[in-house]
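What follows is start_9.tsv (TSV, C-alpha atoms).
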chain	number	residue	atom	x	y	z
A	229	MET	CA	77.63	-71.26	5.44
A	230	HIS	CA	81.40	-71.80	5.19
A	231	PHE	CA	81.86	-68.06	4.83
A	232	ILE	CA	79.65	-67.27	7.84
A	233	ARG	CA	81.47	-69.81	10.01
A	234	GLY	CA	84.83	-68.35	8.98
A	235	LEU	CA	83.72	-64.80	9.65
A	236	VAL	CA	82.21	-65.62	13.03
A	237	THR	CA	85.32	-67.57	14.05
A	238	TRP	CA	87.58	-64.67	13.04
A	239	LEU	CA	85.50	-62.14	14.95
A	240	LEU	CA	84.90	-64.22	18.05
A	241	GLN	CA	88.56	-64.85	18.89
A	242	PRO	CA	89.27	-61.32	20.20
A	243	ILE	CA	85.69	-60.86	21.41
A	244	LEU	CA	85.73	-63.98	23.56
A	245	LEU	CA	89.17	-63.12	24.96
A	246	LEU	CA	87.90	-59.75	26.13
A	247	TYR	CA	84.67	-61.31	27.32
A	248	LYS	CA	86.53	-63.73	29.56
A	249	LEU	CA	88.37	-60.82	31.14
A	250	LEU	CA	85.15	-58.87	31.59
A	251	PHE	CA	83.28	-61.91	32.90
A	252	GLY	CA	86.01	-62.47	35.47
A	253	ARG	CA	85.78	-58.87	36.60
A	254	ARG	CA	82.02	-59.08	37.00
A	255	ARG	CA	82.37	-62.29	39.00
A	256	SER	CA	84.91	-60.61	41.26
A	257	SER	CA	82.55	-57.68	41.70
A	258	CYS	CA	79.71	-60.01	42.61
A	259	ASN	CA	81.85	-61.74	45.22
A	260	ASN	CA	82.39	-58.37	46.90
A	261	SER	CA	78.79	-57.16	46.72
A	262	SER	CA	75.23	-58.37	46.41
A	263	CYS	CA	74.32	-59.58	42.91
A	264	HIS	CA	70.72	-60.31	42.02
A	265	GLN	CA	71.42	-62.04	38.71
A	266	SER	CA	74.00	-64.58	37.63
A	267	ASP	CA	76.39	-63.49	34.89
A	268	ALA	CA	75.73	-66.77	33.12
A	269	THR	CA	72.05	-65.86	32.66
A	270	ILE	CA	72.40	-62.27	31.52
A	271	THR	CA	70.58	-61.66	28.25
A	272	SER	CA	71.68	-59.04	25.78
A	273	THR	CA	69.16	-56.65	24.31
A	274	SER	CA	69.26	-53.51	22.24
A	275	PRO	CA	67.06	-50.53	23.15
A	276	LEU	CA	66.49	-50.03	19.44
A	277	ASP	CA	64.57	-53.31	19.32
A	278	GLN	CA	61.80	-51.40	21.11
A	279	SER	CA	61.13	-49.27	18.04
A	280	GLU	CA	57.56	-48.51	19.08
A	281	HIS	CA	58.79	-46.43	22.04
A	282	HIS	CA	59.79	-42.79	21.87
A	283	PRO	CA	63.60	-42.47	21.41
A	284	ASP	CA	63.98	-40.29	24.49
A	285	SER	CA	62.53	-43.03	26.69
A	286	LEU	CA	64.60	-45.92	25.34
A	287	PRO	CA	66.40	-47.40	28.37
A	288	LEU	CA	69.73	-49.17	28.41
A	289	PRO	CA	69.85	-52.49	30.27
A	290	THR	CA	71.81	-52.41	33.49
A	291	GLY	CA	75.44	-53.41	33.17
A	292	GLU	CA	77.92	-52.81	30.40
A	293	TYR	CA	77.97	-53.95	26.83
A	294	GLU	CA	80.83	-55.95	25.38
A	295	VAL	CA	80.17	-55.39	21.68
A	296	PHE	CA	78.76	-52.51	19.63
A	297	LEU	CA	77.57	-53.26	16.09
A	298	SER	CA	77.42	-50.29	13.73
A	299	PHE	CA	75.80	-50.89	10.34
A	300	ARG	CA	73.45	-49.51	7.71
A	301	GLY	CA	70.21	-51.39	8.16
A	302	LEU	CA	69.26	-50.91	4.55
A	303	ASP	CA	72.25	-53.03	3.46
A	304	THR	CA	72.80	-55.76	6.04
A	305	ARG	CA	70.02	-55.84	8.65
A	306	HIS	CA	68.53	-59.12	7.42
A	307	GLN	CA	71.81	-60.68	6.35
A	308	LEU	CA	75.23	-60.60	7.94
A	309	THR	CA	74.34	-58.29	10.83
A	310	ASP	CA	71.39	-60.36	12.00
A	311	ILE	CA	73.37	-63.61	11.91
A	312	LEU	CA	76.29	-62.14	13.81
A	313	TYR	CA	74.05	-60.47	16.39
A	314	ARG	CA	72.09	-63.63	17.13
A	315	PHE	CA	75.30	-65.64	17.46
A	316	LEU	CA	76.74	-63.18	19.98
A	317	ILE	CA	73.51	-63.14	21.98
A	318	HIS	CA	73.49	-66.94	22.02
A	319	LEU	CA	76.92	-66.80	23.66
A	320	LYS	CA	75.55	-64.40	26.30
A	321	ILE	CA	77.76	-61.59	25.04
A	322	ARG	CA	76.06	-58.28	25.74
A	323	THR	CA	75.70	-56.72	22.31
A	324	PHE	CA	74.29	-53.38	21.25
A	325	ARG	CA	72.87	-53.56	17.74
A	326	ASP	CA	72.29	-50.14	16.27
A	327	ASP	CA	70.05	-49.65	13.25
A	328	ASP	CA	69.80	-46.23	11.66
A	329	GLU	CA	66.59	-47.21	9.89
A	330	LEU	CA	64.72	-47.67	13.20
A	331	ARG	CA	65.47	-44.29	14.72
A	332	LYS	CA	62.71	-41.72	15.10
A	333	GLY	CA	64.57	-38.69	16.37
A	334	GLU	CA	67.76	-37.06	17.59
A	335	GLY	CA	66.95	-38.00	21.20
A	336	ILE	CA	68.40	-41.49	20.72
A	337	TRP	CA	71.93	-40.11	20.31
A	338	SER	CA	72.60	-39.88	24.05
A	339	ASN	CA	71.83	-43.60	24.38
A	340	LEU	CA	74.13	-44.41	21.49
A	341	ILE	CA	76.97	-42.43	23.09
A	342	LYS	CA	76.45	-44.33	26.33
A	343	ALA	CA	76.44	-47.72	24.58
A	344	ILE	CA	79.62	-46.87	22.66
A	345	GLY	CA	81.32	-45.74	25.85
A	346	GLN	CA	80.40	-48.98	27.62
A	347	SER	CA	81.48	-51.33	24.84
A	348	LYS	CA	84.92	-52.86	24.53
A	349	VAL	CA	84.70	-54.23	20.98
A	350	TYR	CA	83.39	-52.27	18.01
A	351	ILE	CA	82.30	-53.96	14.78
A	352	PRO	CA	81.47	-51.45	12.03
A	353	ILE	CA	80.01	-53.19	8.98
A	354	LEU	CA	81.05	-50.84	6.21
A	355	SER	CA	78.67	-51.40	3.32
A	356	GLU	CA	78.04	-49.50	0.10
A	357	SER	CA	75.55	-47.04	1.60
A	358	TYR	CA	77.11	-46.84	5.08
A	359	ALA	CA	78.50	-43.34	4.45
A	360	HIS	CA	75.13	-42.10	3.21
A	361	SER	CA	73.86	-42.29	6.79
A	362	LYS	CA	74.84	-39.38	9.03
A	363	TRP	CA	74.12	-41.62	12.01
A	364	CYS	CA	76.62	-44.23	10.90
A	365	LEU	CA	79.29	-41.59	10.34
A	366	LYS	CA	78.63	-39.98	13.72
A	367	GLU	CA	78.87	-43.38	15.38
A	368	LEU	CA	82.09	-44.24	13.59
A	369	ALA	CA	83.70	-40.94	14.62
A	370	GLU	CA	82.72	-41.61	18.23
A	371	ILE	CA	84.01	-45.19	18.03
A	372	VAL	CA	87.38	-44.05	16.68
A	373	GLU	CA	87.65	-41.44	19.42
A	374	HIS	CA	86.99	-44.03	22.15
A	375	HIS	CA	89.41	-46.44	20.51
A	376	LYS	CA	92.16	-43.82	20.68
A	377	ARG	CA	91.48	-42.76	24.27
A	378	LYS	CA	90.75	-46.09	25.94
A	379	LYS	CA	93.36	-48.82	26.11
A	380	GLY	CA	92.11	-52.30	25.30
A	381	HIS	CA	89.19	-51.20	23.13
A	382	ILE	CA	89.40	-52.70	19.65
A	383	ILE	CA	87.76	-52.13	16.26
A	384	LEU	CA	87.07	-55.13	14.00
A	385	PRO	CA	85.79	-53.75	10.69
A	386	ILE	CA	83.90	-55.75	8.09
A	387	PHE	CA	84.19	-54.33	4.57
A	388	TYR	CA	80.94	-55.56	3.05
A	389	MET	CA	81.18	-55.31	-0.74
A	390	VAL	CA	83.29	-52.17	-0.53
A	391	ASP	CA	87.04	-51.94	-1.00
A	392	PRO	CA	88.99	-50.79	2.09
A	393	ARG	CA	90.76	-48.30	-0.18
A	394	ASP	CA	87.43	-46.66	-1.00
A	395	VAL	CA	86.75	-46.37	2.72
A	396	ARG	CA	90.18	-44.84	3.38
A	397	HIS	CA	90.01	-42.29	0.57
A	398	GLN	CA	86.22	-41.84	0.33
A	399	THR	CA	86.13	-42.73	-3.33
A	400	GLU	CA	83.01	-44.28	-4.87
A	401	PRO	CA	80.59	-45.26	-3.49
A	402	TYR	CA	81.53	-43.03	-0.54
A	403	GLN	CA	82.39	-40.04	-2.68
A	404	SER	CA	78.78	-39.48	-3.74
A	405	ALA	CA	77.68	-39.77	-0.10
A	406	PHE	CA	79.96	-36.92	0.93
A	407	GLN	CA	78.80	-34.81	-1.99
A	408	GLN	CA	75.31	-35.05	-0.50
A	409	HIS	CA	76.53	-34.34	3.04
A	410	GLU	CA	78.30	-31.18	1.86
A	411	LYS	CA	74.87	-29.60	1.44
A	412	ASP	CA	73.94	-30.10	5.09
A	413	PHE	CA	77.13	-30.18	7.19
A	414	ASP	CA	80.09	-27.88	7.78
A	415	VAL	CA	83.64	-28.56	6.67
A	416	LYS	CA	84.82	-29.43	10.20
A	417	THR	CA	82.16	-32.11	10.68
A	418	LEU	CA	82.86	-33.62	7.28
A	419	GLN	CA	86.59	-33.77	8.03
A	420	ILE	CA	85.95	-35.57	11.32
A	421	TRP	CA	83.93	-38.18	9.43
A	422	ARG	CA	86.56	-38.49	6.72
A	423	ASP	CA	89.30	-38.98	9.31
A	424	ALA	CA	87.27	-41.70	11.03
A	425	LEU	CA	86.77	-43.56	7.76
A	426	ASN	CA	90.44	-43.21	6.94
A	427	GLU	CA	91.40	-44.59	10.36
A	428	VAL	CA	89.10	-47.61	10.14
A	429	GLY	CA	90.00	-48.22	6.50
A	430	THR	CA	93.61	-48.84	7.51
A	431	LEU	CA	92.72	-51.51	10.08
A	432	LYS	CA	92.90	-55.22	9.43
A	433	GLY	CA	89.41	-56.50	8.78
A	434	TRP	CA	87.30	-59.00	6.91
A	435	HIS	CA	86.68	-58.12	3.24
A	436	VAL	CA	83.46	-59.51	1.74
A	437	ARG	CA	83.71	-58.89	-1.98
A	438	THR	CA	80.48	-60.42	-3.31
A	439	LYS	CA	77.18	-61.71	-1.96
A	440	ASP	CA	78.12	-65.13	-3.32
A	441	GLU	CA	80.90	-65.34	-0.72

Would it be possible to restate this file's structure as structure tokens?
Amino acid sequence: MHFIRGLVTWLLQPILLLYKLLFGRRRSSCNNSSCHQSDATITSTSPLDQSEHHPDSLPLPTGEYEVFLSFRGLDTRHQLTDILYRFLIHLKIRTFRDDDELRKGEGIWSNLIKAIGQSKVYIPILSESYAHSKWCLKELAEIVEHHKRKKGHIILPIFYMVDPRDVRHQTEPYQSAFQQHEKDFDVKTLQIWRDALNEVGTLKGWHVRTKDE
């Protein structure tokens, strides 16, 4: 529990700062137009929670997200990611929680692009099998691109039982993931993914070295 409290505190400092700015903007907008719902009562949901629906019909809630969580469900869905997501929702921070294990088709990608474009804070949870998922790598490349183009958007990586150096240089366990991807993707696509990992691997983040932490 000490670890979780420390991690949440570290992550929430920049998130809450941005949220205050965004909350103020939404309040200003409401003062100038008709608003049917108070900002204080907005609930955050993820379209991927509705896994029984067809991906093409998954709607995004009205309004913008503040936070986008990118993670490999196989590694952290029932651990760190779930705790962090529930904490953010409790604070009424609009959070998009992606989960590559719940997708049923390529049609969901347009919704993911929209959610990434709306978000202001990106939290990729880089775990041992993160790079084995093409979805996670596609998301990360898109996140890095938005981070570069849009001022004020920040990336707060969590290195979950992987060394940041392995993320930067795609050494094990990421090396084996790319060996598999080489069979299905062209050199240009692979380089875009490698560049995204290298970029995020250089950022200051939280390094979780063992499950005992």

re CA of Ile353 (chain A) and CA of Met389 (chain A): distance 10.0 Å

With all atoms listed in the file as the atoms that count, which of A:Phe413, A:Trp363, A:Tyr358, A:Trp337 lies nearest to Val395 (chain A)? A:Tyr358

Among listed residues A:Asp412, A:Asp326, A:Glu400, A:Asp391, nearest Asn339 (chain A) (using all atoms listed in the file):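 Smallest separation from Asn339 (chain A) among the options: A:Asp326.
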
Please provide as a PDB file with C-alpha atoms, in the coordinates of the input all residues within 9 Å of Gln398 (chain A), with the sequence filter that same-chain residues fewer than 6 positions apart are discarded (counting only C-alpha atoms).
ATOM      1  CA  ALA A 359      78.500 -43.340   4.450  1.00  0.00           C
ATOM      2  CA  SER A 404      78.780 -39.480  -3.740  1.00  0.00           C
ATOM      3  CA  ALA A 405      77.680 -39.770  -0.100  1.00  0.00           C
ATOM      4  CA  PHE A 406      79.960 -36.920   0.930  1.00  0.00           C
ATOM      5  CA  ARG A 422      86.560 -38.490   6.720  1.00  0.00           C
ATOM      6  CA  LEU A 425      86.770 -43.560   7.760  1.00  0.00           C
ATOM      7  CA  ASN A 426      90.440 -43.210   6.940  1.00  0.00           C
TER       8      ASN A 426
END

Please provide the set of residues having any atom within 10 Å of Thr304 (chain A), restricted to all atoms listed in the file, with same-chain residues fewer than 5 positions apart removed, written as a VMD selection string. chain A and resid 299 309 to 311 327 353 to 355 358 388

Can you pull out the residues contacting region 382-387 of chain A? Cut-off 6 Å, using only C-alpha atoms, and skip same-chain residues under 3 positions away; I want them as JSON, numbers by chain. {"A": [349, 350, 351, 352, 353, 354, 390, 433, 434, 435, 436]}

Write to file, as a PDB file, in the frame of the given file, the residues of the selection just made, with C-alpha atoms.
ATOM      1  CA  VAL A 349      84.700 -54.230  20.980  1.00  0.00           C
ATOM      2  CA  TYR A 350      83.390 -52.270  18.010  1.00  0.00           C
ATOM      3  CA  ILE A 351      82.300 -53.960  14.780  1.00  0.00           C
ATOM      4  CA  PRO A 352      81.470 -51.450  12.030  1.00  0.00           C
ATOM      5  CA  ILE A 353      80.010 -53.190   8.980  1.00  0.00           C
ATOM      6  CA  LEU A 354      81.050 -50.840   6.210  1.00  0.00           C
ATOM      7  CA  VAL A 390      83.290 -52.170  -0.530  1.00  0.00           C
ATOM      8  CA  GLY A 433      89.410 -56.500   8.780  1.00  0.00           C
ATOM      9  CA  TRP A 434      87.300 -59.000   6.910  1.00  0.00           C
ATOM     10  CA  HIS A 435      86.680 -58.120   3.240  1.00  0.00           C
ATOM     11  CA  VAL A 436      83.460 -59.510   1.740  1.00  0.00           C
TER      12      VAL A 436
END

Students should find that CA of Lys366 (chain A) and CA of Trp421 (chain A) are spaced 7.1 Å

Tell me which of A:Lys362, A:Lys379, A:Tyr313, A:Val295 sits closest to Gln346 (chain A), counting only C-alpha atoms. A:Val295

Excluding Ile344 (chain A) and residues on its chain fewer than 4 positions from it, collect all residues at most 9 Å away from it, counting all atoms listed in the file, and give them as a list in words.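 Within the cut-off, the hits are Tyr293, Val295, Phe296, Phe324, Asn339, Leu340, Lys348, Tyr350, Glu367, Glu370, Ile371 and His374 of chain A.
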
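One distance worth recording is that between CA of Ser357 (chain A) and CA of Glu410 (chain A), which is 16.1 Å.
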
Polymer residues at most 7 Å from Ala369 (chain A), only C-alpha atoms, same-chain spacing of 3 or more positions, as a PyMOL selection string: chain A and resi 365-366+372-373+420-421+424

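For the residues A:His397, A:Ser361, A:Arg437, A:Arg377, ranking by smallest atom-to-atom distance to His409 (chain A) using all atoms listed in the file places A:Ser361 first.
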